[in-house]
Structure formats: C-alpha cells, structure tokens
Amino acid sequence: DNLPQSKEQWQTFITAINSTYISDKSARYSLKKSMDESSHEMIHLNKDLKEEVERRIDAVTESRVKSHLIENMSHEIRIPIHGVLGSLEIIKGSSNLDEKELKFINSALMSAENLLDIVNNLSDFSKINAGKLDLEEITFGVRELLADVNYIVGAMSEEKKLILTTVVSNDVPERIKGDPAKLRQIIMNLANNAIKFTHQGKITSQVQLVKQNEQETIIRFEITDTGIGISKSKVD
C-alpha cells in the first residue's frame with residue numbers, strides 16, 4: 001500500500017533514491033572500488049588470454065616448421081635409397097651370381113626397402129602432426145609379408161642362435177587389403193626389439209583371425225619371446 005500509485009509518484013520515488021545515493025559517499029566509494037577491482041581482473045584475464053593464444057600460435061608454428069623439415073629430409077634421403085635399390089636390382093639380374101651371392105643381394109634389397117619404409121615413417125610422422133596421414137589400402141599377402149620380415153631379421157637371430165618361428169592360423173586369408181609398408185615396419189620394430197632383449201630361446205610370430213565379414217577383416221599379430229621382458233614397475 002505504501003508503493004507509488006502513479007507515474008509521477010514513481011518518478012519522484014526514483015529521484016529520491018538517486019539523490020540519496022549521490023549524497024552517500026560510502027555507496028559511491030563501494031561502487032568505484034568494485035569497478036576498479038573488476039577492471040583490474042579484466043586486464044589480468046585479457047593478458048593471460050593473450051599469452052595463452054601466443055603460446056599456442058608458437059607451438060603450432062614450431063610444429064609446422066618441424067614437419068616441413070622432416071618432410072624435406074625424408075625426400076632428400078629417399079633419392080639415394082632409390083639409387084641403391086636400382087643398383088641392387090641390376091646386380092640381381094646378372095646371371096653370374098651364385099646362390100650365396102644372390103642371397104646377400106636379396107637381403108640387401110629387403111634391408112634397403114625396410115630403410116625406405118623407415119624414411120617414409122618419418123614423413124608420416126610429420127603428416128600426423130599436420131593431421132594429414134593417409135593409410136594405403138592395397139591388396140597384399142600376409143604370409144609373404146611375414147616371410148620378408150623373417151628374412152631380414154633372420155641374420156640377427158642366427159647370430160644370437162635364437163629360434164625364429166612363425167605361426168599363421170589356417171583361417172587367416174591369403175590376401176587382405178591394408179597398408180603393407182606400415183604393417184611391415186611395425187612387425188619389424190617388434191621383432192627387432194624381441195631379438196635385442198632375448199639372449200637365448202626363441203622368437204615366435206603368431207597371426208590369428210579375429211573377425212571377418214563383408215565390411216572388414218581384423219587380424220591379430222603377436223610376437224612373443226623368451227627374453228627378459230618388462231618389469232612390473234614399468235608396466236602401466
């Protein structure tokens with residue numbers, strides 16, 4: 001009932017409130033202090049935001065520079081590797097090679113091809129950073145790929161007198177679609193590590209079919225060894 005009833009009364013009421021506020025030094029001081037604190041916080045927030053943006057821009061720029069450098073290096077290294085591969089193919093085509101020499105040439109060819117895969121992986125690393133990695137989808141033979149890997153790592157296993165075996169389940173398809181170069185490099189890395197940390201015993205490569213339908217084929221590749229393994233403290 002004590003509230004203003006008309007427009008004129010409301011104007012008079014608001015004017016009285018404003019007059020009281022203007023004359024109240026304490027209220028003016030509180031408002032000014034609050035505005036100063038808000039302004040100070042906004043300045044710091046803006047500064048922090050600017051620094052974070054600059055850090056992210058620098059990180060992106062650095063990543064792009066690294067990716068560009070790796071891509072250029074990979075290109076320069078590929079050229080002599082292709083030259084080596086070409087020379088080895090010419091030598092291999094010679095009819096004057098005996099069985100032992102041909103074996104050495106084939107081993108050198110596979111090693112050079114593996115080195116080329118490593119260089120390509122460096123290029124892939126730069127593409128991963130740039131979000132541009134593409135996987136090939138070509139038809140290849142799983143058993144032939146494993147035979148190539150065993151041929152390359154076989155010399156190292158023989159030197160350490162390790163038994164190198166491969167077990168492929170009968171239900172694994174003869175040919176599948178995927179990226180054989182990247183798959184070969186992964187298996188090579190696993191096999192090399194197994195040989196490196198195994199002083200006696202054997203290295204076993206196992207391949208099993210997990211799933212197959214009209215849309216996809218999932219195959220499990222597993223390499224086991226009788227080496228020292230990894231301590232429990234270092235396993236997540």
# chains A, B, ... in the order shown; residues from 1 in each chain; ligands from 1
call {"tool": "residues_around", "arguments": {"residues": "A:Ser74", "least_positions_apart": "6", "cutoff": "9 Å", "atoms": "only C-alpha atoms", "output": "ChimeraX atom specification"}}
result
/A:119-123
call {"tool": "residues_around", "arguments": {"residues": "stretch 149-164 of chain A", "least_positions_apart": "3", "cutoff": "12 Å", "atoms": "only C-alpha atoms", "output": "ChimeraX atom specification"}}
result
/A:103-115,142-146,167,180-181,183-206,223-227
call {"tool": "closest_residue", "arguments": {"among": "A:Thr139, A:Asp117, A:Val210, A:Val172", "to": "A:Arg78", "atoms": "only C-alpha atoms"}}
result
A:Asp117
call {"tool": "atom_distance", "arguments": {"atom1": "atom CA of A:Gly86", "atom2": "atom CA of A:Ile138"}}
result
23.2 Å
call {"tool": "residues_around", "arguments": {"residues": "stretch 168-171 of chain A", "least_positions_apart": "2", "cutoff": "7 Å", "atoms": "only C-alpha atoms", "output": "ChimeraX atom specification"}}
result
/A:166,173,206-209
call {"tool": "atom_distance", "arguments": {"atom1": "atom CA of A:Leu116", "atom2": "atom CA of A:Leu135"}}
result
16.3 Å
call {"tool": "select_by_dssp", "arguments": {"residues": "stretch 45-227 of chain A", "states": "helix (DSSP H, G or I)", "output": "VMD selection string"}}
result
chain A and resid 45 to 92 99 to 129 142 to 159 180 to 196
call {"tool": "closest_residue", "arguments": {"among": "A:Ser87, A:Thr165, A:Asp98, A:Glu137", "to": "A:Glu222", "atoms": "only C-alpha atoms"}}
result
A:Thr165
